[in-house]
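Q: Got a structure for you, questions after.
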Amino acid sequence: MRLSRMVRCCITTLLLIASVSAAPVDDWTSRTVIYQLLTDRFALADGHADTCDTGNCPYGNYCGGTYGGIIERLDYIQDLGMNAVWISPIPANRPCGYHGYWAVDWDWTNEHFGDAADLKNLTATLHSHGMHVMVDMVANHNGPGKVPDGHPFTEQDHYHPRCTIDFSSQRSIERCWLVDLPDLNTENGFVSDYLADWVVRQVDEYGFDGIRYDTVPYVPKWHWKRVADRLAGGGRNGTYTLGEILIGNRGADYLAGYQYDAQYGPILDGLLNYPLYFALVNSFARGQSLWGLSSALQETFGTYRRPAALGNFVDNHDEGRFLQMNPSHALYMSALAVVMATTGVPIVYYGSEQGLTQDPDGSRGADNQKRQPLWRTGYNKSHPLYRFISRLARLRTQGLFDGTQRELWVLSNIYLFTRGERVLIVTSNLGDGQSLDITLPPSNVPDAFRRDGDITVCDLLLGDGQGRGEGDGCVRVANVNRDGLHVHIDGGMPQVLMVVSSTRQARRMPVLAK
């Protein structure tokens, strides 16, 4: 619908929007957990029908998810422990653009998701529940179709001439077409100005707290810098920006150049940490050595100016779901534990909490297979992965992972690290049903554990919150300062270990009461 239809928005919603401002990067980097969803695939509004099997779109039909559906299922997201939601791009799309990446009219909203009033109601509702809203945005291209076409880019010189990308040339990456997508000519003053101003208008209009930018390296750095400068003006409190860079054979140093560039200075707050993602998949899903994970983390800390602003993930809408690659829940939980506990902003892809793998129907393409409608799962809050992610997320949002990260112990099948000196994270790639005993020497034990007398150590991932006891995730350990710390990995499951003064203290911890 035309954006001018925002007059339909109720007075209450307008007041809520007026009362919130964008969220600066510091609000995201410590205790935020992002839930990434596809607006079309997360939730049907009351009375709406599932339309996934209606239509002839070659790469997937609109299924019927809406902004109203997200509001109606907000309790599901909150109970999962999430405090930020990443939604799909909002402009009107070409037919079949259920994902939002095929814009055709930048001044209309995608009527399949709802109108401007519905979108304002969504952001206002999330803000009223203390949650951030991140929106996906595209600056590289319009949806597939003839050129010139699509409002407001109606002139031939609004687009680069069609050519095939030579990925060895950055100039070619920025000026040629990605697949069949008409490449917007940001060297054209009207195009660059419009795109930069459009971003600011959406933040001001809807109160978005964060932006995920699609296809970042296909657009020149100077344009991203221009957008950043405009976002920083106008009295705004800051808007967290997270960029996607997905090009083969590009390491962390290439990505880091979009966080800070020697010529342009600071550009984006953070990037999706794809090098870490590939290390997680290789180490946990494919059974490669966990030294690969260690190397990726060391590269992260040694390359980026601000590792805490990076987005960490193990599933998303572009990559195959972890459980499709390896069905082991223990391995998946270990990978999720690293995502949630390591430095950076953790991102959980919708459906991970229901153990989604891949739609067996591949007739509409691989991307559509990993973007199933969540309502077909029944939103089961008792699913073991839902409960596990919920507990991990609450550890994150309550500050258990705030401390400095330190690698503690690495073997080919074991990876241990600390956050501060009181929380020890234990992961392995042993897999379901596999167990192992290790003993950390006193010199490798965190300070809070290294005592001469007895201590009580609790695994914060165990227990159901109904009265933890000595046999329910907590054990007494003696003389760690002399003998080291014995760790038993049971069934290949990850652990988050913490010293407490007593099991009574453990029962009083907020996260253990959930």
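By convention here, the chains of the structure tokens are called A, B, ... in the order presented, each chain's residues are numbered starting at 1, and ligands are numbered starting at 1 in the order presented.
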Would you list the contacts of Thr32 in chain A as a ChimeraX atom specification, taking every protein, DNA or RNA residue within 12 Å and counting only C-alpha atoms, but skipping same-chain residues closer than 5 positions in sequence?
A: /A:23,25-27,81-85,130-134,210,240,308-309,311-312,340-341,343-348,393-399,401-402
Q: List the neighbours of range 156-173 of chain A out to 10 Å using only C-alpha atoms; skip same-chain residues closer than 6 positions along the sequence, and give me the result as a PDB file with C-alpha atoms, in the first residue's frame.
A:
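This went into out-v6.pdb:
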```pdb
ATOM      1  CA  HIS A 141      19.417  -4.092  -6.945  1.00  0.00           C
ATOM      2  CA  ASN A 142      15.768  -4.135  -7.888  1.00  0.00           C
ATOM      3  CA  VAL A 147      15.169  -2.067 -17.287  1.00  0.00           C
ATOM      4  CA  PRO A 148      14.274   0.656 -16.668  1.00  0.00           C
ATOM      5  CA  ASP A 149      11.360  -0.289 -14.440  1.00  0.00           C
ATOM      6  CA  VAL A 179      22.431 -13.197 -11.209  1.00  0.00           C
ATOM      7  CA  ASP A 180      19.523 -11.520 -13.099  1.00  0.00           C
ATOM      8  CA  LEU A 181      18.960  -8.655 -10.668  1.00  0.00           C
ATOM      9  CA  PRO A 182      19.055  -5.132 -12.230  1.00  0.00           C
ATOM     10  CA  ASP A 183      22.054  -3.461 -10.610  1.00  0.00           C
ATOM     11  CA  LEU A 184      21.350   0.025  -9.254  1.00  0.00           C
ATOM     12  CA  ASN A 185      23.873   2.638 -10.375  1.00  0.00           C
ATOM     13  CA  THR A 186      24.981   4.263  -7.133  1.00  0.00           C
ATOM     14  CA  GLU A 187      27.427   6.408  -9.110  1.00  0.00           C
ATOM     15  CA  ASN A 188      24.328   8.247 -10.324  1.00  0.00           C
ATOM     16  CA  GLY A 189      23.660  11.132  -7.920  1.00  0.00           C
ATOM     17  CA  PHE A 190      19.878  10.655  -7.869  1.00  0.00           C
ATOM     18  CA  VAL A 191      20.172   6.930  -7.106  1.00  0.00           C
ATOM     19  CA  SER A 192      22.724   7.333  -4.329  1.00  0.00           C
ATOM     20  CA  PRO A 217      30.251  -5.580  -1.120  1.00  0.00           C
ATOM     21  CA  TYR A 218      28.241  -5.143  -4.326  1.00  0.00           C
ATOM     22  CA  VAL A 219      27.802  -1.469  -3.383  1.00  0.00           C
ATOM     23  CA  PRO A 220      30.791   0.930  -3.056  1.00  0.00           C
ATOM     24  CA  ILE A 247      31.557 -13.939  -1.441  1.00  0.00           C
ATOM     25  CA  GLY A 248      33.720 -17.022  -1.767  1.00  0.00           C
ATOM     26  CA  ASN A 249      37.404 -16.933  -0.891  1.00  0.00           C
TER      27      ASN A 249
END
```
Q: Hey, which of A:Gln372, A:Thr427, A:Asn140, A:Gln495 ends up closest to Gly473 in chain A? Count only C-alpha atoms.
A: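 Closest candidate: A:Gln495.
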Q: Distance CA of Glu72 in chain A-CA of Thr123 in chain A, one decimal place?
A: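 The value is 13.2 Å.
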Q: From a DSSP pass on the backbone, collect the residues of range 61-292 of chain A flagged as strand (DSSP E or B) and hand them back as a ChimeraX atom specification.
A: /A:65,84-87,91-93,103-109,132-138,141,151,159,164,177-178,181,183-184,210-214,240-243,260-261,265-266,270-272
Q: Kindly give the distance, in Å, that separates CA of Lys146 in chain A and CA of Lys221 in chain A, rounded to a single decimal.
A: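 Here the two named atoms are 27.1 Å from each other.
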Q: Run DSSP on the backbone and tell me which residues of range 163-317 of chain A come out as alpha helix (DSSP H); list them as a ChimeraX atom specification.
A: /A:170-175,189-206,221-232,252-256,274-280,291-303
Q: Just the residues within 7 Å of Ile425 in chain A, please, counting only C-alpha atoms, with nothing from its chain fewer than 5 positions along; format it as a PyMOL selection string.
A: chain A and resi 416-418+495-497
Q: Could you name the residues that touch Asn326 in chain A at 8 Å or less, counting only C-alpha atoms, but leaving out those on the same chain fewer than 4 positions away, as a list in words?
A: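 Here the qualifying residues turn out to be Ala285, Arg286 and Phe322 of chain A.
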Q: Between A:Glu421, A:Glu299, A:Asp193, A:Asp315, which has the minimum distance to Phe153 in chain A (counting only C-alpha atoms)?
A: A:Asp193
Q: Between CA of Arg451 in chain A and CA of Asn481 in chain A, what is the distance, to one decimal in Å?
A: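 Result for CA of Arg451 in chain A versus CA of Asn481 in chain A: 4.9 Å, one decimal.
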Q: Closest to Leu293 in chain A among A:Ile414, A:Leu323, A:Met333, A:Leu37, using only C-alpha atoms?
A: A:Ile414
Q: Which residues are close to Asn444 in chain A, i.e. within 9 Å by only C-alpha atoms, leaving aside same-chain residues fewer than 3 positions away? Reply as a compact mmCIF listing (two decimals) with N, CA and C atoms, in the first residue's frame.
A:
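Final file, result_36.txt:
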```
# COMPACT_ATOMS: atom_id res chain seq x y z
N LEU A 408 40.49 -21.62 26.70
CA LEU A 408 41.06 -22.33 27.85
C LEU A 408 41.70 -23.65 27.48
N TRP A 409 41.05 -24.42 26.62
CA TRP A 409 41.54 -25.77 26.34
C TRP A 409 41.03 -26.19 24.97
N LEU A 440 41.27 -30.55 33.69
CA LEU A 440 42.02 -29.32 33.42
C LEU A 440 43.06 -29.13 34.51
N PRO A 441 44.32 -28.92 34.16
CA PRO A 441 45.34 -28.64 35.18
C PRO A 441 45.03 -27.33 35.89
N GLY A 484 43.32 -29.81 39.97
CA GLY A 484 42.70 -29.44 38.71
C GLY A 484 41.20 -29.67 38.74
N LEU A 485 40.55 -29.39 37.63
CA LEU A 485 39.10 -29.50 37.54
C LEU A 485 38.73 -30.65 36.62
```
Q: Tell me which protein, DNA and RNA residues are within 9 Å of Leu290 in chain A, counting only C-alpha atoms, leaving out same-chain ones fewer than 3 positions away, and put them as JSON, numbers by chain.
A: {"A": [279, 280, 282, 283, 284, 287, 293, 294, 295, 410, 411, 412, 413, 414, 415, 428, 429]}
Q: For those residues, write N, CA and C atoms to a file as a short mmCIF file (atom, residue, chain, number, x, y, z; two decimals), in the first residue's frame.
A:
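Final output, part-v5.cif:
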```cif
data_model
loop_
_atom_site.label_atom_id
_atom_site.label_comp_id
_atom_site.auth_asym_id
_atom_site.auth_seq_id
_atom_site.Cartn_x
_atom_site.Cartn_y
_atom_site.Cartn_z
N ALA A 279 33.44 -22.09 10.17
CA ALA A 279 34.21 -22.87 11.14
C ALA A 279 33.29 -23.69 12.05
N LEU A 280 32.17 -23.11 12.46
CA LEU A 280 31.20 -23.84 13.29
C LEU A 280 30.64 -25.04 12.54
N ASN A 282 32.00 -26.62 9.95
CA ASN A 282 33.06 -27.61 9.72
C ASN A 282 33.37 -28.39 10.99
N SER A 283 33.44 -27.71 12.13
CA SER A 283 33.85 -28.35 13.37
C SER A 283 32.76 -29.22 13.99
N PHE A 284 31.52 -28.76 13.92
CA PHE A 284 30.45 -29.49 14.60
C PHE A 284 29.60 -30.33 13.65
N GLY A 287 32.42 -32.63 11.54
CA GLY A 287 33.35 -33.43 12.33
C GLY A 287 34.81 -33.09 12.17
N LEU A 293 37.82 -24.09 14.71
CA LEU A 293 37.02 -23.11 15.44
C LEU A 293 37.93 -22.17 16.21
N SER A 294 38.94 -22.72 16.85
CA SER A 294 39.90 -21.89 17.58
C SER A 294 40.55 -20.86 16.67
N SER A 295 40.95 -21.29 15.49
CA SER A 295 41.61 -20.37 14.54
C SER A 295 40.66 -19.26 14.10
N VAL A 410 41.93 -26.64 24.09
CA VAL A 410 41.54 -27.06 22.76
C VAL A 410 42.17 -28.41 22.44
N LEU A 411 41.33 -29.35 22.02
CA LEU A 411 41.76 -30.60 21.43
C LEU A 411 40.99 -30.75 20.12
N SER A 412 41.26 -31.78 19.38
CA SER A 412 40.55 -31.95 18.12
C SER A 412 39.06 -32.10 18.32
N ASN A 413 38.66 -32.62 19.49
CA ASN A 413 37.23 -32.86 19.73
C ASN A 413 36.68 -32.11 20.95
N ILE A 414 37.47 -31.21 21.52
CA ILE A 414 37.06 -30.47 22.73
C ILE A 414 37.40 -29.00 22.55
N TYR A 415 36.46 -28.12 22.94
CA TYR A 415 36.75 -26.69 22.95
C TYR A 415 36.13 -26.08 24.20
N SER A 428 31.99 -29.82 22.60
CA SER A 428 32.72 -30.91 21.95
C SER A 428 32.02 -31.26 20.65
N ASN A 429 32.71 -32.01 19.80
CA ASN A 429 32.05 -32.55 18.61
C ASN A 429 31.98 -34.07 18.68
#
```
Q: Show me, as JSON lines, the residues of range 281-327 of chain A having an atom within 9 Å of range 363-368 of chain A, each with the closest atom pair and its distance in Å, using only C-alpha atoms.
A:
```
{"residue": "A:His317", "atom": "CA", "partner": "A:Asp367", "partner_atom": "CA", "distance": 7.1}
{"residue": "A:Asp318", "atom": "CA", "partner": "A:Asp367", "partner_atom": "CA", "distance": 6.5}
{"residue": "A:Glu319", "atom": "CA", "partner": "A:Asp367", "partner_atom": "CA", "distance": 8.0}
{"residue": "A:Gly320", "atom": "CA", "partner": "A:Asp367", "partner_atom": "CA", "distance": 8.3}
```
